[in-house]
file target.cif (mmCIF, C-alpha atoms)
data_target
#
loop_
_atom_site.label_atom_id
_atom_site.label_comp_id
_atom_site.auth_asym_id
_atom_site.auth_seq_id
_atom_site.Cartn_x
_atom_site.Cartn_y
_atom_site.Cartn_z
CA MET F 36 30.77 -32.33 -12.89
CA SER F 37 32.83 -32.00 -9.76
CA LEU F 38 36.45 -30.89 -9.69
CA PRO F 39 38.04 -34.18 -8.51
CA SER F 40 36.44 -36.22 -11.28
CA LYS F 41 37.42 -33.57 -13.82
CA LEU F 42 41.02 -33.75 -12.66
CA LEU F 43 40.88 -37.54 -12.66
CA ILE F 44 39.54 -37.63 -16.23
CA THR F 45 42.21 -35.19 -17.45
CA PHE F 46 45.06 -37.02 -15.73
CA SER F 47 43.99 -40.49 -16.87
CA SER F 48 43.40 -39.30 -20.44
CA LEU F 49 46.96 -38.01 -20.55
CA LEU F 50 48.16 -41.31 -19.12
CA LEU F 51 46.19 -43.25 -21.71
CA ALA F 52 47.53 -41.10 -24.56
CA HIS F 53 51.04 -41.63 -23.24
CA ALA F 54 50.50 -45.39 -23.06
CA CYS F 55 49.17 -45.40 -26.62
CA TYR F 56 52.18 -43.44 -27.85
CA SER F 57 54.56 -45.71 -25.96
CA ALA F 58 53.00 -48.83 -27.45
CA HIS F 59 53.24 -47.30 -30.91
CA GLU F 60 56.91 -46.43 -30.40
CA HIS F 61 57.60 -49.88 -29.07
CA SER F 62 56.03 -51.53 -32.10
CA LEU F 63 58.00 -49.21 -34.41
CA LEU F 64 61.21 -50.07 -32.58
CA SER F 65 60.62 -53.79 -32.81
CA THR F 66 59.80 -53.65 -36.51
CA THR F 67 62.76 -51.49 -37.57
CA HIS F 68 65.19 -53.39 -35.37
CA PRO F 69 63.83 -56.92 -35.48
CA SER F 70 66.20 -58.44 -32.94
CA PRO F 71 69.27 -56.38 -32.14
CA SER F 72 70.65 -58.84 -29.65
CA SER F 73 70.56 -61.95 -31.82
CA PRO F 74 69.85 -61.24 -35.49
CA ALA F 75 70.29 -64.85 -36.54
CA SER F 76 67.83 -66.22 -34.07
CA PRO F 77 64.83 -67.65 -35.93
CA SER F 78 62.61 -67.77 -32.89
CA THR F 79 61.93 -64.03 -32.71
CA SER F 80 59.12 -62.82 -34.97
CA PRO F 81 59.37 -65.08 -38.00
CA SER F 82 57.17 -62.90 -40.23
CA GLY F 83 59.29 -59.84 -39.43
CA THR F 84 56.57 -57.18 -39.47
CA THR F 85 53.84 -58.21 -37.08
CA THR F 86 54.36 -58.28 -33.35
CA THR F 87 52.20 -60.06 -30.87
CA GLY F 88 50.56 -58.51 -27.85
CA SER F 89 52.66 -60.45 -25.42
CA SER F 90 55.75 -58.56 -26.56
CA LEU F 91 54.43 -55.33 -25.01
CA PRO F 92 56.51 -54.36 -21.97
CA LEU F 93 54.97 -54.75 -18.59
CA ASP F 94 55.04 -51.03 -17.75
CA ILE F 95 53.01 -50.07 -20.82
CA THR F 96 50.49 -52.80 -20.06
CA LEU F 97 50.13 -51.64 -16.49
CA GLU F 98 49.92 -47.99 -17.54
CA THR F 99 47.12 -48.79 -20.00
CA LEU F 100 45.12 -50.81 -17.52
CA ILE F 101 45.49 -48.29 -14.71
CA SER F 102 44.70 -45.29 -16.90
CA VAL F 103 41.57 -46.92 -18.31
CA SER F 104 40.41 -47.93 -14.86
CA LEU F 105 40.92 -44.39 -13.56
CA LEU F 106 39.22 -42.93 -16.63
CA LEU F 107 36.16 -45.13 -16.16
CA LEU F 108 36.12 -44.25 -12.47
CA GLY F 109 36.28 -40.56 -13.30
CA ILE F 110 33.51 -40.77 -15.90
CA VAL F 111 31.13 -42.80 -13.79
CA SER F 112 31.64 -40.70 -10.68
CA SER F 113 31.16 -37.37 -12.47
CA GLY F 114 27.69 -36.52 -11.26
CA TRP F 115 25.22 -38.63 -13.22
CA GLU F 116 21.70 -38.01 -11.97
CA LEU F 117 19.44 -40.99 -11.43
CA LYS F 118 15.90 -40.67 -10.14
CA PRO F 119 14.09 -43.26 -8.04
CA ILE F 120 11.53 -45.16 -10.07
CA SER F 121 9.00 -45.91 -7.38
CA LEU F 122 6.24 -43.31 -7.34
CA ARG F 123 6.20 -43.22 -3.56
CA SER F 124 9.75 -42.01 -3.07
CA TYR F 125 9.76 -39.79 -6.18
CA ALA F 126 6.56 -38.00 -5.12
CA GLY F 127 8.07 -37.56 -1.67
CA MET F 128 11.13 -35.93 -3.19
CA LEU F 129 8.92 -33.67 -5.30
CA GLU F 130 6.89 -32.57 -2.31
CA ARG F 131 9.98 -31.87 -0.25
CA GLY F 132 11.29 -29.78 -3.13
CA SER F 133 14.57 -31.64 -3.30
CA VAL F 134 13.97 -32.46 -6.96
CA PHE F 135 11.92 -30.81 -9.69
CA PRO F 136 10.41 -32.41 -12.78
CA ASP F 137 11.79 -31.54 -16.19
CA GLY F 138 10.84 -28.13 -17.48
CA VAL F 139 9.98 -26.74 -14.03
CA ASP F 140 12.11 -23.94 -12.69
CA GLY F 141 13.15 -24.65 -9.13
CA LYS F 142 13.40 -20.99 -8.18
CA THR F 143 9.95 -19.80 -9.17
CA THR F 144 7.71 -22.73 -8.29
CA VAL F 145 6.29 -23.05 -4.82
CA ARG F 146 7.50 -25.97 -2.80
CA GLY F 147 5.35 -28.64 -1.33
CA ARG F 148 3.57 -29.73 -4.48
CA GLY F 149 3.64 -33.14 -6.00
CA ILE F 150 3.36 -35.01 -9.24
CA PHE F 151 -0.03 -33.47 -9.97
CA ASP F 152 1.32 -30.01 -10.78
CA GLY F 153 -0.43 -30.12 -14.12
CA LEU F 154 -3.80 -30.32 -12.42
CA GLU F 155 -2.95 -27.41 -10.15
CA ASP F 156 -1.98 -25.21 -13.07
CA ARG F 157 -5.16 -25.71 -15.10
CA PRO F 158 -6.78 -22.45 -16.20
CA GLY F 159 -10.13 -21.66 -14.66
CA PHE F 160 -13.20 -20.57 -16.58
CA LEU F 161 -12.61 -18.14 -19.39
CA ASP F 162 -14.49 -14.86 -18.98
CA ILE F 163 -15.76 -14.87 -22.54
CA ARG F 164 -17.92 -11.73 -22.16
CA LYS F 165 -14.95 -9.69 -20.97
CA GLN F 166 -12.83 -10.95 -23.84
CA ARG F 167 -15.59 -10.08 -26.29
CA GLU F 168 -15.78 -6.55 -24.87
CA GLU F 169 -12.05 -6.19 -25.21
CA PHE F 170 -12.27 -7.37 -28.79
CA ALA F 171 -15.05 -4.89 -29.50
CA GLN F 172 -12.92 -2.10 -28.05
CA TRP F 173 -10.00 -3.19 -30.19
CA ILE F 174 -12.23 -3.23 -33.29
CA LYS F 175 -13.44 0.31 -32.47
CA THR F 176 -9.94 1.71 -32.07
CA HIS F 177 -8.08 -0.12 -34.81
CA GLY F 178 -10.70 -1.39 -37.23
CA ASP F 179 -11.59 1.91 -38.91
CA SER F 180 -8.11 2.91 -39.99
CA MET Z 213 -4.48 -60.07 -12.67
CA ASN Z 214 -1.20 -61.82 -12.13
CA ALA Z 215 1.33 -61.20 -9.42
CA GLU Z 216 3.40 -58.65 -11.33
CA GLU Z 217 0.41 -56.52 -12.23
CA ARG Z 218 -0.79 -56.57 -8.66
CA ASP Z 219 2.66 -55.55 -7.50
CA LEU Z 220 2.59 -52.63 -9.95
CA GLN Z 221 -0.82 -51.59 -8.62
CA ILE Z 222 0.42 -51.60 -5.04
CA HIS Z 223 3.82 -50.03 -5.75
CA PRO Z 224 3.36 -47.79 -8.79
CA ILE Z 225 6.42 -46.64 -10.71
CA VAL Z 226 7.25 -43.49 -12.65
CA PRO Z 227 7.76 -44.41 -16.34
CA GLU Z 228 9.66 -41.22 -17.16
CA ASN Z 229 12.25 -41.97 -14.51
CA VAL Z 230 12.61 -45.57 -15.70
CA ILE Z 231 13.29 -44.34 -19.23
CA ALA Z 232 15.68 -41.60 -18.09
CA ASN Z 233 17.63 -43.98 -15.84
CA SER Z 234 18.01 -46.67 -18.48
CA LYS Z 235 19.13 -44.03 -20.98
CA THR Z 236 21.78 -42.83 -18.55
CA ILE Z 237 23.01 -46.38 -17.97
CA VAL Z 238 23.15 -47.14 -21.70
CA ASP Z 239 25.07 -43.89 -22.26
CA LEU Z 240 27.61 -44.85 -19.61
CA HIS Z 241 28.00 -48.34 -21.02
CA SER Z 242 28.53 -47.24 -24.61
CA LEU Z 243 31.01 -44.55 -23.57
CA SER Z 244 32.98 -46.96 -21.42
CA SER Z 245 32.94 -49.72 -24.03
CA SER Z 246 34.63 -47.37 -26.49
CA LEU Z 247 37.30 -46.64 -23.88
CA LEU Z 248 37.73 -50.35 -23.19
CA GLY Z 249 38.20 -50.83 -26.92
CA ILE Z 250 41.02 -48.28 -26.87
CA ALA Z 251 42.72 -50.20 -24.07
CA ALA Z 252 42.28 -53.53 -25.84
CA GLY Z 253 43.77 -52.08 -29.03
CA ILE Z 254 46.77 -50.71 -27.18
CA LEU Z 255 47.31 -54.00 -25.40
CA GLY Z 256 47.04 -55.82 -28.72
CA LEU Z 257 44.50 -58.37 -27.61
CA GLU Z 258 43.28 -60.87 -30.16
CA SER Z 259 40.15 -63.00 -30.60
CA TYR Z 260 38.79 -64.52 -27.39
CA THR Z 261 41.11 -62.57 -25.11
CA GLY Z 262 39.63 -59.33 -26.39
CA PHE Z 263 36.07 -60.39 -25.74
CA LEU Z 264 37.03 -61.66 -22.31
CA PHE Z 265 38.55 -58.23 -21.65
CA TYR Z 266 35.27 -56.61 -22.71
CA LEU Z 267 33.34 -58.89 -20.37
CA LEU Z 268 35.58 -58.03 -17.42
CA GLY Z 269 35.51 -54.33 -18.28
CA THR Z 270 31.73 -54.26 -18.48
CA LEU Z 271 31.46 -55.98 -15.13
CA PHE Z 272 33.84 -53.39 -13.70
CA VAL Z 273 31.78 -50.53 -15.15
CA SER Z 274 28.57 -52.05 -13.80
CA PHE Z 275 30.18 -52.31 -10.39
CA LEU Z 276 31.16 -48.63 -10.62
CA ILE Z 277 27.64 -47.62 -11.70
CA ILE Z 278 26.09 -49.50 -8.82
CA THR Z 279 28.60 -48.03 -6.40
CA PHE Z 280 28.64 -44.37 -7.40
CA PRO Z 281 25.40 -43.02 -8.91
CA MET Z 282 23.20 -45.65 -7.28
CA GLY Z 283 24.82 -45.80 -3.88
CA GLY Z 284 24.76 -49.58 -3.76
CA LYS Z 285 20.99 -49.92 -4.24
CA PRO Z 286 20.20 -50.80 -7.88
CA ASP Z 287 16.62 -51.83 -7.11
CA VAL Z 288 15.69 -48.23 -6.33
CA TYR Z 289 16.70 -46.95 -9.76
CA VAL Z 290 16.24 -49.84 -12.20
CA ARG Z 291 13.27 -52.17 -12.45
CA GLY Z 292 15.23 -55.35 -13.09
CA GLY Z 293 17.82 -54.59 -10.43
CA LEU Z 294 21.35 -55.85 -10.93
CA LYS Z 295 20.58 -57.71 -14.17
CA ASP Z 296 19.40 -54.59 -16.00
CA VAL Z 297 22.53 -52.68 -15.02
CA VAL Z 298 24.94 -55.34 -16.30
CA LEU Z 299 23.04 -56.32 -19.43
CA ALA Z 300 22.00 -52.83 -20.57
CA ASP Z 301 22.55 -52.56 -24.34
CA VAL Z 302 25.14 -55.34 -24.72
CA THR Z 303 24.97 -55.47 -28.53
CA GLY Z 304 25.53 -51.75 -28.95
CA GLY Z 305 28.37 -51.87 -26.45
CA VAL Z 306 30.08 -54.71 -28.30
CA MET Z 307 29.75 -52.77 -31.57
CA GLY Z 308 31.46 -49.70 -30.14
CA TYR Z 309 34.06 -51.86 -28.45
CA VAL Z 310 35.02 -53.74 -31.63
CA LEU Z 311 35.10 -50.48 -33.57
CA THR Z 312 37.66 -48.77 -31.33
CA TRP Z 313 39.47 -52.05 -30.67
CA THR Z 314 40.25 -52.59 -34.35
CA LEU Z 315 40.97 -48.90 -34.88
CA PHE Z 316 43.58 -48.70 -32.14
CA PHE Z 317 44.98 -52.11 -32.98
CA GLY Z 318 45.64 -50.81 -36.49
CA LEU Z 319 46.92 -47.42 -35.27
CA VAL Z 320 49.39 -48.78 -32.76
CA ARG Z 321 50.70 -51.69 -34.85
CA VAL Z 322 51.28 -50.14 -38.24
#

call {"tool": "encode", "arguments": {"input": "target.cif", "output": "structure tokens"}}
result
Amino acid sequence: MSLPSKLLITFSSLLLAHACYSAHEHSLLSTTHPSPSSPASPSTSPSGTTTTGSSLPLDITLETLISVSLLLLGIVSSGWELKPISLRSYAGMLERGSVFPDGVDGKTTVRGRGIFDGLEDRPGFLDIRKQREEFAQWIKTHGDS
Amino acid sequence: MNAEERDLQIHPIVPENVIANSKTIVDLHSLSSSLLGIAAGILGLESYTGFLFYLLGTLFVSFLIITFPMGGKPDVYVRGGLKDVVLADVTGGVMGYVLTWTLFFGLVRV
């Protein structure tokens, strides 16, 4: 994750939290003081407790929209890796060494190999006679005790 | 052998990369739909307005995905192209969206 997107995510999260708190305060204010300017007016909030979304001030609305847009921008632009799906370009990237398959360490493997690494790494013939001699040696040294 | 199979024979694809890419896109969409739900709850949207907001937000996120990680070429990374980026995991996204939408609607308007 790069530094600009990290900063962007932090800043816009704070902005979003502030917008949420402001909206909460605004709804509290409008419920405790139903209509300070004209208490007798029947047109404002007839039920008394619920407020509609259109009563939210314009600055809180704008703050919410801008902070969410910036947050989405920060999240999407924070270094998500996508790999090309066509075998041609992916194998080309593997052979150039610009990308490595999962589970392969980029520092130790030789470059210039492709998608058939598994075939290259197959073990050769087992020297079964040598292994049997080693086992016989091991039996001689450890088996008696 | 129909046309699609022949096309796959001529231009083979890497299944692991297809799965990894679609997983990344679904992750991004579900994360962003939760955030959109937070915004909708703060704004106090109701019924159709809320779902319209989700639609617009998802289109915005798809535009961002195509612009930033894909560099404007969705066909390179997703088999279905543009359609698979926009419509990736819509049901799961709506679930997460409605969840946070109702949560923040209730939190903000006590």

call {"tool": "residues_around", "arguments": {"input": "target.cif", "residues": "Thr270 (chain Z)", "least_positions_apart": "6", "cutoff": "8 Å", "atoms": "all atoms listed in the file", "output": "JSON, numbers by chain"}}
result
{"Z": [241, 244, 245, 298]}

call {"tool": "closest_atom_pairs", "arguments": {"input": "target.cif", "of": "chain Z", "to": "chain F", "cutoff": "7 Å", "atoms": "all atoms listed in the file", "output": "JSON lines"}}
result
{"residue": "Z:His223", "atom": "CA", "partner": "F:Ser121", "partner_atom": "CA", "distance": 6.8}
{"residue": "Z:Pro224", "atom": "CA", "partner": "F:Leu122", "partner_atom": "CA", "distance": 5.5}
{"residue": "Z:Ile225", "atom": "CA", "partner": "F:Ser121", "partner_atom": "CA", "distance": 4.3}
{"residue": "Z:Val226", "atom": "CA", "partner": "F:Ile120", "partner_atom": "CA", "distance": 5.3}
{"residue": "Z:Asn229", "atom": "CA", "partner": "F:Ile120", "partner_atom": "CA", "distance": 5.5}
{"residue": "Z:Val230", "atom": "CA", "partner": "F:Ile120", "partner_atom": "CA", "distance": 5.7}
{"residue": "Z:Asn233", "atom": "CA", "partner": "F:Leu117", "partner_atom": "CA", "distance": 5.6}
{"residue": "Z:Ser244", "atom": "CA", "partner": "F:Leu107", "partner_atom": "CA", "distance": 6.4}
{"residue": "Z:Ala251", "atom": "CA", "partner": "F:Thr99", "partner_atom": "CA", "distance": 6.2}
{"residue": "Z:Ile254", "atom": "CA", "partner": "F:Cys55", "partner_atom": "CA", "distance": 5.9}
{"residue": "Z:Leu255", "atom": "CA", "partner": "F:Gly88", "partner_atom": "CA", "distance": 6.1}
{"residue": "Z:Gly256", "atom": "CA", "partner": "F:Gly88", "partner_atom": "CA", "distance": 4.5}
{"residue": "Z:Leu257", "atom": "CA", "partner": "F:Gly88", "partner_atom": "CA", "distance": 6.1}
{"residue": "Z:Leu276", "atom": "CA", "partner": "F:Val111", "partner_atom": "CA", "distance": 6.6}
{"residue": "Z:Ile277", "atom": "CA", "partner": "F:Val111", "partner_atom": "CA", "distance": 6.3}
{"residue": "Z:Phe280", "atom": "CA", "partner": "F:Ser112", "partner_atom": "CA", "distance": 5.8}
{"residue": "Z:Pro281", "atom": "CA", "partner": "F:Trp115", "partner_atom": "CA", "distance": 6.2}
{"residue": "Z:Val288", "atom": "CA", "partner": "F:Pro119", "partner_atom": "CA", "distance": 5.5}
{"residue": "Z:Tyr289", "atom": "CA", "partner": "F:Pro119", "partner_atom": "CA", "distance": 4.8}
{"residue": "Z:Val290", "atom": "CA", "partner": "F:Ile120", "partner_atom": "CA", "distance": 7.0}
{"residue": "Z:Val320", "atom": "CA", "partner": "F:His59", "partner_atom": "CA", "distance": 4.5}
{"residue": "Z:Arg321", "atom": "CA", "partner": "F:Ser62", "partner_atom": "CA", "distance": 6.0}

call {"tool": "atom_distance", "arguments": {"input": "target.cif", "atom1": "CA of Val273 (chain Z)", "atom2": "CA of Phe316 (chain Z)"}}
result
20.8 Å

call {"tool": "atom_distance", "arguments": {"input": "target.cif", "atom1": "CA of Ala300 (chain Z)", "atom2": "CA of Ile222 (chain Z)"}}
result
26.6 Å

call {"tool": "atom_distance", "arguments": {"input": "target.cif", "atom1": "CA of Val306 (chain Z)", "atom2": "CA of Ser246 (chain Z)"}}
result
8.8 Å

call {"tool": "closest_residue", "arguments": {"input": "target.cif", "among": "Z:Ile231, Z:Leu240, Z:Gln221, Z:Leu247", "to": "Ser48 (chain F)", "atoms": "only C-alpha atoms"}}
result
Z:Leu247

call {"tool": "resolve_selection", "arguments": {"input": "target.cif", "expression": "the PyMOL selection byres ((chain Z and resi 249) around 8)", "output": "ChimeraX atom specification"}}
result
/Z:245-248,250-253,266,308-314,316

call {"tool": "write_last_selection", "arguments": {"input": "target.cif", "atoms": "C-alpha atoms", "output": "compact mmCIF listing (two decimals), in the coordinates of the input"}}
result
# COMPACT_ATOMS: atom_id res chain seq x y z
CA SER Z 245 32.94 -49.72 -24.03
CA SER Z 246 34.63 -47.37 -26.49
CA LEU Z 247 37.30 -46.64 -23.88
CA LEU Z 248 37.73 -50.35 -23.19
CA ILE Z 250 41.02 -48.28 -26.87
CA ALA Z 251 42.72 -50.20 -24.07
CA ALA Z 252 42.28 -53.53 -25.84
CA GLY Z 253 43.77 -52.08 -29.03
CA TYR Z 266 35.27 -56.61 -22.71
CA GLY Z 308 31.46 -49.70 -30.14
CA TYR Z 309 34.06 -51.86 -28.45
CA VAL Z 310 35.02 -53.74 -31.63
CA LEU Z 311 35.10 -50.48 -33.57
CA THR Z 312 37.66 -48.77 -31.33
CA TRP Z 313 39.47 -52.05 -30.67
CA THR Z 314 40.25 -52.59 -34.35
CA PHE Z 316 43.58 -48.70 -32.14
